[in-house]
Amino acid sequence: MSGALHQGILSPSVSHARFAIGDVVRHRLFEFRGVVFDVDPVFANSEEWYQAIPEDMRPAKDQPFYHLFAENNDSSYIAYVSQQNLVHDESDELVDHPAIAGLFDSYADGRYRLRREHRQ
């Protein structure tokens, strides 16, 4: 078996993240959307966080997980979501989160662009 060991999980040797930093996404099941600001190749949060998810809804750990500047109708917050639960947001609306301006400088075609100082 080949792959990399990350947080005790053997990930595939080639793992494909469906979304990139700056992409605007929405959750498949819950009413929120957000901007991707980091990607983990496999689950990298606490076991306590993972166990708090109802078992019948718990995602597999061996897939990409995304950190989002998220918003819903009530608030903005940081979300950590599995790839299987995200889809591209097609609304072409800006995400209202106070941290976006510190990391991104513009928005076009459904994506935010990283500020120059954050690009590699």
# chains A, B, ... in the order shown; residues from 1 in each chain; ligands from 1
$ residues_around --residues "Leu68 of chain A" --least-positions-apart "2" --cutoff "9 Å" --atoms "only C-alpha atoms" --output "number ranges by chain"
A: 24-25, 33-38, 66, 70, 77-81
$ write_last_selection --atoms "all heavy atoms" --output "compact mmCIF listing (two decimals), in the first residue's frame"
# COMPACT_ATOMS: atom_id res chain seq x y z
N VAL A 24 -15.23 29.95 -4.09
CA VAL A 24 -16.45 30.12 -3.31
C VAL A 24 -17.25 28.83 -3.43
O VAL A 24 -17.52 28.36 -4.54
CB VAL A 24 -17.28 31.33 -3.79
CG1 VAL A 24 -18.56 31.46 -2.98
CG2 VAL A 24 -16.45 32.61 -3.67
N VAL A 25 -17.59 28.26 -2.28
CA VAL A 25 -18.28 26.97 -2.23
C VAL A 25 -19.50 27.08 -1.32
O VAL A 25 -19.64 28.04 -0.55
CB VAL A 25 -17.34 25.87 -1.70
CG1 VAL A 25 -16.19 25.62 -2.67
CG2 VAL A 25 -16.80 26.20 -0.32
N ARG A 33 -22.30 29.08 2.98
CA ARG A 33 -21.33 29.13 1.89
C ARG A 33 -20.07 29.79 2.41
O ARG A 33 -20.08 30.36 3.51
CB ARG A 33 -21.91 29.90 0.70
CG ARG A 33 -22.38 31.27 1.04
CD ARG A 33 -23.33 31.89 0.01
NE ARG A 33 -22.69 32.22 -1.23
CZ ARG A 33 -22.10 33.37 -1.51
NH1 ARG A 33 -22.08 34.35 -0.62
NH2 ARG A 33 -21.53 33.57 -2.66
N GLY A 34 -18.99 29.71 1.66
CA GLY A 34 -17.77 30.32 2.14
C GLY A 34 -16.67 30.33 1.10
O GLY A 34 -16.82 29.84 -0.01
N VAL A 35 -15.54 30.89 1.51
CA VAL A 35 -14.36 31.00 0.68
C VAL A 35 -13.29 30.07 1.25
O VAL A 35 -12.98 30.14 2.45
CB VAL A 35 -13.80 32.44 0.66
CG1 VAL A 35 -12.56 32.53 -0.22
CG2 VAL A 35 -14.86 33.42 0.21
N VAL A 36 -12.72 29.23 0.40
CA VAL A 36 -11.65 28.33 0.83
C VAL A 36 -10.40 29.15 1.13
O VAL A 36 -9.94 29.92 0.28
CB VAL A 36 -11.33 27.29 -0.26
CG1 VAL A 36 -10.13 26.44 0.13
CG2 VAL A 36 -12.54 26.43 -0.58
N PHE A 37 -9.84 28.99 2.36
CA PHE A 37 -8.58 29.66 2.66
C PHE A 37 -7.46 28.70 3.04
O PHE A 37 -6.31 29.12 3.19
CB PHE A 37 -8.75 30.76 3.72
CG PHE A 37 -9.02 30.28 5.13
CD1 PHE A 37 -7.97 30.00 5.99
CD2 PHE A 37 -10.32 30.15 5.58
CE1 PHE A 37 -8.21 29.58 7.28
CE2 PHE A 37 -10.57 29.74 6.87
CZ PHE A 37 -9.51 29.45 7.73
N ASP A 38 -7.76 27.41 3.16
CA ASP A 38 -6.72 26.41 3.40
C ASP A 38 -7.30 25.04 3.06
O ASP A 38 -8.52 24.84 3.11
CB ASP A 38 -6.26 26.44 4.85
CG ASP A 38 -4.93 25.73 5.09
OD1 ASP A 38 -4.25 25.37 4.10
OD2 ASP A 38 -4.57 25.52 6.26
N TYR A 66 -11.53 21.26 3.96
CA TYR A 66 -11.32 22.66 3.61
C TYR A 66 -11.65 23.57 4.79
O TYR A 66 -12.65 23.38 5.48
CB TYR A 66 -12.21 23.04 2.42
CG TYR A 66 -11.91 22.22 1.20
CD1 TYR A 66 -12.49 20.97 1.01
CD2 TYR A 66 -11.01 22.67 0.24
CE1 TYR A 66 -12.19 20.19 -0.10
CE2 TYR A 66 -10.71 21.90 -0.88
CZ TYR A 66 -11.31 20.66 -1.04
OH TYR A 66 -11.00 19.90 -2.14
N ALA A 70 -16.72 31.33 6.35
CA ALA A 70 -18.10 30.96 6.04
C ALA A 70 -19.11 32.00 6.50
O ALA A 70 -18.83 32.80 7.40
CB ALA A 70 -18.42 29.61 6.69
N TYR A 77 -18.30 32.97 10.26
CA TYR A 77 -17.52 32.11 11.14
C TYR A 77 -16.52 31.33 10.31
O TYR A 77 -16.49 31.44 9.08
CB TYR A 77 -18.44 31.15 11.92
CG TYR A 77 -19.41 30.38 11.05
CD1 TYR A 77 -19.12 29.09 10.63
CD2 TYR A 77 -20.61 30.95 10.63
CE1 TYR A 77 -19.99 28.40 9.81
CE2 TYR A 77 -21.49 30.26 9.82
CZ TYR A 77 -21.18 28.98 9.41
OH TYR A 77 -22.03 28.28 8.60
N ILE A 78 -15.69 30.52 10.96
CA ILE A 78 -14.75 29.64 10.29
C ILE A 78 -15.37 28.24 10.29
O ILE A 78 -15.87 27.77 11.32
CB ILE A 78 -13.40 29.58 11.04
CG1 ILE A 78 -12.77 30.98 11.15
CG2 ILE A 78 -12.46 28.58 10.37
CD1 ILE A 78 -12.31 31.58 9.84
N ALA A 79 -15.35 27.57 9.14
CA ALA A 79 -15.89 26.22 9.03
C ALA A 79 -14.80 25.27 8.54
O ALA A 79 -13.87 25.69 7.85
CB ALA A 79 -17.08 26.19 8.07
N TYR A 80 -14.95 24.01 8.90
CA TYR A 80 -14.03 22.95 8.46
C TYR A 80 -14.91 21.87 7.85
O TYR A 80 -15.72 21.26 8.54
CB TYR A 80 -13.25 22.42 9.67
CG TYR A 80 -12.12 21.50 9.33
CD1 TYR A 80 -11.01 21.95 8.61
CD2 TYR A 80 -12.14 20.17 9.73
CE1 TYR A 80 -9.95 21.10 8.32
CE2 TYR A 80 -11.08 19.32 9.44
CZ TYR A 80 -9.99 19.79 8.74
OH TYR A 80 -8.94 18.96 8.45
N VAL A 81 -14.77 21.65 6.53
CA VAL A 81 -15.74 20.83 5.81
C VAL A 81 -15.05 19.83 4.89
O VAL A 81 -14.08 20.17 4.20
CB VAL A 81 -16.69 21.73 4.97
CG1 VAL A 81 -17.80 20.90 4.33
CG2 VAL A 81 -17.29 22.85 5.82
$ residues_around --residues "Phe43 of chain A" --least-positions-apart "2" --cutoff "8 Å" --atoms "only C-alpha atoms" --output "PDB file with N, CA and C atoms, in the first residue's frame"
ATOM      1  N   GLN A   7      -1.811  12.486  10.285  1.00  0.00           N
ATOM      2  CA  GLN A   7      -2.741  12.397  11.404  1.00  0.00           C
ATOM      3  C   GLN A   7      -3.224  10.966  11.622  1.00  0.00           C
ATOM      4  N   ASP A  40      -6.563  20.765   3.706  1.00  0.00           N
ATOM      5  CA  ASP A  40      -5.852  19.634   4.295  1.00  0.00           C
ATOM      6  C   ASP A  40      -6.064  18.432   3.380  1.00  0.00           C
ATOM      7  N   PRO A  41      -5.024  17.673   3.050  1.00  0.00           N
ATOM      8  CA  PRO A  41      -5.190  16.532   2.137  1.00  0.00           C
ATOM      9  C   PRO A  41      -6.083  15.428   2.707  1.00  0.00           C
ATOM     10  N   ASN A  45      -8.301  17.665  11.971  1.00  0.00           N
ATOM     11  CA  ASN A  45      -8.890  18.345  13.125  1.00  0.00           C
ATOM     12  C   ASN A  45      -8.840  17.384  14.303  1.00  0.00           C
ATOM     13  N   LYS A  61     -12.499  10.249   6.687  1.00  0.00           N
ATOM     14  CA  LYS A  61     -11.331  11.084   6.993  1.00  0.00           C
ATOM     15  C   LYS A  61     -10.324  11.133   5.849  1.00  0.00           C
ATOM     16  N   ASP A  62     -10.362  10.156   4.954  1.00  0.00           N
ATOM     17  CA  ASP A  62      -9.335  10.052   3.909  1.00  0.00           C
ATOM     18  C   ASP A  62      -9.704  10.802   2.630  1.00  0.00           C
ATOM     19  N   GLN A  63     -10.060  12.053   2.787  1.00  0.00           N
ATOM     20  CA  GLN A  63     -10.406  12.935   1.669  1.00  0.00           C
ATOM     21  C   GLN A  63      -9.961  14.339   2.051  1.00  0.00           C
ATOM     22  N   PRO A  64      -9.854  15.243   1.096  1.00  0.00           N
ATOM     23  CA  PRO A  64      -9.502  16.620   1.446  1.00  0.00           C
ATOM     24  C   PRO A  64     -10.569  17.261   2.344  1.00  0.00           C
ATOM     25  N   PHE A  65     -10.086  18.097   3.261  1.00  0.00           N
ATOM     26  CA  PHE A  65     -10.952  18.911   4.118  1.00  0.00           C
ATOM     27  C   PHE A  65     -10.550  20.359   3.906  1.00  0.00           C
ATOM     28  N   SER A  82     -15.588  18.619   4.843  1.00  0.00           N
ATOM     29  CA  SER A  82     -15.061  17.573   3.961  1.00  0.00           C
ATOM     30  C   SER A  82     -15.411  17.875   2.507  1.00  0.00           C
TER      31      SER A  82
END
$ atom_distance --atom1 "atom CA of Pro98 of chain A" --atom2 "atom CA of Tyr112 of chain A"
13.9 Å
$ select_by_dssp --residues "chain A" --states "strand (DSSP E)" --output "MDAnalysis selection string"
chainID A and resid 4:6 9:11 24:27 33:40 65:71 76:82 86:88 104:108 111:114
$ atom_distance --atom1 "atom CA of Asp23 of chain A" --atom2 "atom CA of Gly110 of chain A"
6.5 Å
$ decode --residues "chain A" --atoms "C-alpha atoms" --output "PDB file, in the first residue's frame"
ATOM      1  CA  MET A   1       0.000   0.000   0.000  1.00  0.00           C
ATOM      2  CA  SER A   2       1.448   3.399  -0.923  1.00  0.00           C
ATOM      3  CA  GLY A   3       0.588   6.854   0.303  1.00  0.00           C
ATOM      4  CA  ALA A   4       1.448   9.339   3.005  1.00  0.00           C
ATOM      5  CA  LEU A   5       0.635   9.013   6.690  1.00  0.00           C
ATOM      6  CA  HIS A   6      -1.076  12.168   8.001  1.00  0.00           C
ATOM      7  CA  GLN A   7      -2.741  12.397  11.404  1.00  0.00           C
ATOM      8  CA  GLY A   8      -2.718   8.602  11.598  1.00  0.00           C
ATOM      9  CA  ILE A   9      -4.552   8.270   8.272  1.00  0.00           C
ATOM     10  CA  LEU A  10      -2.973   6.772   5.194  1.00  0.00           C
ATOM     11  CA  SER A  11      -3.850   9.073   2.325  1.00  0.00           C
ATOM     12  CA  PRO A  12      -3.710   8.024  -1.315  1.00  0.00           C
ATOM     13  CA  SER A  13      -0.379   8.675  -3.029  1.00  0.00           C
ATOM     14  CA  VAL A  14      -2.202  11.055  -5.361  1.00  0.00           C
ATOM     15  CA  SER A  15      -4.980  13.008  -3.669  1.00  0.00           C
ATOM     16  CA  HIS A  16      -7.020  15.466  -5.694  1.00  0.00           C
ATOM     17  CA  ALA A  17      -8.512  18.511  -4.050  1.00  0.00           C
ATOM     18  CA  ARG A  18     -11.600  19.541  -5.993  1.00  0.00           C
ATOM     19  CA  PHE A  19     -11.451  23.131  -4.711  1.00  0.00           C
ATOM     20  CA  ALA A  20      -8.627  25.653  -4.456  1.00  0.00           C
ATOM     21  CA  ILE A  21      -7.810  28.553  -2.174  1.00  0.00           C
ATOM     22  CA  GLY A  22     -10.084  31.430  -3.136  1.00  0.00           C
ATOM     23  CA  ASP A  23     -12.940  29.294  -4.487  1.00  0.00           C
ATOM     24  CA  VAL A  24     -16.452  30.118  -3.307  1.00  0.00           C
ATOM     25  CA  VAL A  25     -18.280  26.971  -2.227  1.00  0.00           C
ATOM     26  CA  ARG A  26     -21.477  25.993  -0.479  1.00  0.00           C
ATOM     27  CA  HIS A  27     -22.391  23.090   1.758  1.00  0.00           C
ATOM     28  CA  ARG A  28     -24.481  20.322   0.175  1.00  0.00           C
ATOM     29  CA  LEU A  29     -26.702  19.810   3.233  1.00  0.00           C
ATOM     30  CA  PHE A  30     -26.597  22.960   5.332  1.00  0.00           C
ATOM     31  CA  GLU A  31     -27.405  26.540   4.421  1.00  0.00           C
ATOM     32  CA  PHE A  32     -23.979  28.142   4.380  1.00  0.00           C
ATOM     33  CA  ARG A  33     -21.326  29.134   1.885  1.00  0.00           C
ATOM     34  CA  GLY A  34     -17.771  30.323   2.143  1.00  0.00           C
ATOM     35  CA  VAL A  35     -14.356  31.003   0.676  1.00  0.00           C
ATOM     36  CA  VAL A  36     -11.648  28.330   0.830  1.00  0.00           C
ATOM     37  CA  PHE A  37      -8.580  29.664   2.663  1.00  0.00           C
ATOM     38  CA  ASP A  38      -6.723  26.410   3.400  1.00  0.00           C
ATOM     39  CA  VAL A  39      -6.829  22.750   2.338  1.00  0.00           C
ATOM     40  CA  ASP A  40      -5.852  19.634   4.295  1.00  0.00           C
ATOM     41  CA  PRO A  41      -5.190  16.532   2.137  1.00  0.00           C
ATOM     42  CA  VAL A  42      -7.011  14.406   4.757  1.00  0.00           C
ATOM     43  CA  PHE A  43      -8.816  15.117   8.028  1.00  0.00           C
ATOM     44  CA  ALA A  44      -6.568  17.140  10.367  1.00  0.00           C
ATOM     45  CA  ASN A  45      -8.890  18.345  13.125  1.00  0.00           C
ATOM     46  CA  SER A  46      -9.354  16.900  16.611  1.00  0.00           C
ATOM     47  CA  GLU A  47     -10.916  13.520  17.275  1.00  0.00           C
ATOM     48  CA  GLU A  48     -13.318  15.281  19.663  1.00  0.00           C
ATOM     49  CA  TRP A  49     -14.542  17.505  16.797  1.00  0.00           C
ATOM     50  CA  TYR A  50     -14.957  14.457  14.544  1.00  0.00           C
ATOM     51  CA  GLN A  51     -16.869  12.440  17.148  1.00  0.00           C
ATOM     52  CA  ALA A  52     -19.259  15.370  17.703  1.00  0.00           C
ATOM     53  CA  ILE A  53     -20.625  14.845  14.172  1.00  0.00           C
ATOM     54  CA  PRO A  54     -23.634  12.491  14.223  1.00  0.00           C
ATOM     55  CA  GLU A  55     -22.414   9.056  13.132  1.00  0.00           C
ATOM     56  CA  ASP A  56     -24.845   8.803  10.214  1.00  0.00           C
ATOM     57  CA  MET A  57     -23.466  12.104   8.830  1.00  0.00           C
ATOM     58  CA  ARG A  58     -19.773  11.642   9.695  1.00  0.00           C
ATOM     59  CA  PRO A  59     -17.587  12.028   6.565  1.00  0.00           C
ATOM     60  CA  ALA A  60     -14.666   9.758   5.727  1.00  0.00           C
ATOM     61  CA  LYS A  61     -11.331  11.084   6.993  1.00  0.00           C
ATOM     62  CA  ASP A  62      -9.335  10.052   3.909  1.00  0.00           C
ATOM     63  CA  GLN A  63     -10.406  12.935   1.669  1.00  0.00           C
ATOM     64  CA  PRO A  64      -9.502  16.620   1.446  1.00  0.00           C
ATOM     65  CA  PHE A  65     -10.952  18.911   4.118  1.00  0.00           C
ATOM     66  CA  TYR A  66     -11.320  22.658   3.611  1.00  0.00           C
ATOM     67  CA  HIS A  67     -11.041  25.636   5.945  1.00  0.00           C
ATOM     68  CA  LEU A  68     -13.634  28.238   4.987  1.00  0.00           C
ATOM     69  CA  PHE A  69     -14.422  31.836   5.786  1.00  0.00           C
ATOM     70  CA  ALA A  70     -18.104  30.956   6.036  1.00  0.00           C
ATOM     71  CA  GLU A  71     -21.395  32.790   6.283  1.00  0.00           C
ATOM     72  CA  ASN A  72     -25.047  31.949   6.754  1.00  0.00           C
ATOM     73  CA  ASN A  73     -28.101  34.169   7.221  1.00  0.00           C
ATOM     74  CA  ASP A  74     -27.167  34.849  10.862  1.00  0.00           C
ATOM     75  CA  SER A  75     -23.401  35.182  11.123  1.00  0.00           C
ATOM     76  CA  SER A  76     -19.919  34.701   9.731  1.00  0.00           C
ATOM     77  CA  TYR A  77     -17.518  32.110  11.140  1.00  0.00           C
ATOM     78  CA  ILE A  78     -14.752  29.637  10.291  1.00  0.00           C
ATOM     79  CA  ALA A  79     -15.894  26.215   9.031  1.00  0.00           C
ATOM     80  CA  TYR A  80     -14.031  22.950   8.464  1.00  0.00           C
ATOM     81  CA  VAL A  81     -15.743  20.832   5.812  1.00  0.00           C
ATOM     82  CA  SER A  82     -15.061  17.573   3.961  1.00  0.00           C
ATOM     83  CA  GLN A  83     -14.818  17.583   0.191  1.00  0.00           C
ATOM     84  CA  GLN A  84     -17.854  15.276  -0.120  1.00  0.00           C
ATOM     85  CA  ASN A  85     -20.034  17.975   1.477  1.00  0.00           C
ATOM     86  CA  LEU A  86     -19.034  20.898  -0.753  1.00  0.00           C
ATOM     87  CA  VAL A  87     -20.060  22.099  -4.198  1.00  0.00           C
ATOM     88  CA  HIS A  88     -19.072  25.194  -6.151  1.00  0.00           C
ATOM     89  CA  ASP A  89     -21.317  28.148  -5.370  1.00  0.00           C
ATOM     90  CA  GLU A  90     -22.825  29.402  -8.619  1.00  0.00           C
ATOM     91  CA  SER A  91     -24.515  32.537  -7.200  1.00  0.00           C
ATOM     92  CA  ASP A  92     -21.617  34.876  -8.165  1.00  0.00           C
ATOM     93  CA  GLU A  93     -22.292  36.815  -4.931  1.00  0.00           C
ATOM     94  CA  LEU A  94     -19.555  38.037  -2.608  1.00  0.00           C
ATOM     95  CA  VAL A  95     -19.132  36.272   0.728  1.00  0.00           C
ATOM     96  CA  ASP A  96     -19.616  38.575   3.722  1.00  0.00           C
ATOM     97  CA  HIS A  97     -16.840  37.645   6.159  1.00  0.00           C
ATOM     98  CA  PRO A  98     -14.563  40.145   7.931  1.00  0.00           C
ATOM     99  CA  ALA A  99     -11.370  38.077   7.404  1.00  0.00           C
ATOM    100  CA  ILE A 100     -11.609  38.009   3.595  1.00  0.00           C
ATOM    101  CA  ALA A 101     -10.055  41.449   3.086  1.00  0.00           C
ATOM    102  CA  GLY A 102      -6.937  40.443   5.023  1.00  0.00           C
ATOM    103  CA  LEU A 103      -6.170  37.474   2.761  1.00  0.00           C
ATOM    104  CA  PHE A 104      -7.776  38.288  -0.600  1.00  0.00           C
ATOM    105  CA  ASP A 105      -7.773  41.464  -2.689  1.00  0.00           C
ATOM    106  CA  SER A 106     -10.297  40.962  -5.478  1.00  0.00           C
ATOM    107  CA  TYR A 107     -13.163  38.788  -6.670  1.00  0.00           C
ATOM    108  CA  ALA A 108     -13.931  37.617 -10.220  1.00  0.00           C
ATOM    109  CA  ASP A 109     -15.568  34.605 -11.840  1.00  0.00           C
ATOM    110  CA  GLY A 110     -16.547  32.910  -8.564  1.00  0.00           C
ATOM    111  CA  ARG A 111     -13.103  33.146  -6.938  1.00  0.00           C
ATOM    112  CA  TYR A 112     -11.208  35.449  -4.669  1.00  0.00           C
ATOM    113  CA  ARG A 113      -7.606  36.281  -5.532  1.00  0.00           C
ATOM    114  CA  LEU A 114      -4.917  36.084  -2.849  1.00  0.00           C
ATOM    115  CA  ARG A 115      -3.209  39.324  -1.913  1.00  0.00           C
ATOM    116  CA  ARG A 116       0.276  39.592  -3.410  1.00  0.00           C
ATOM    117  CA  GLU A 117       1.995  39.135  -0.038  1.00  0.00           C
ATOM    118  CA  HIS A 118       0.264  35.752   0.444  1.00  0.00           C
ATOM    119  CA  ARG A 119       1.145  34.291  -2.964  1.00  0.00           C
ATOM    120  CA  GLN A 120       4.104  31.926  -3.236  1.00  0.00           C
TER     121      GLN A 120
END
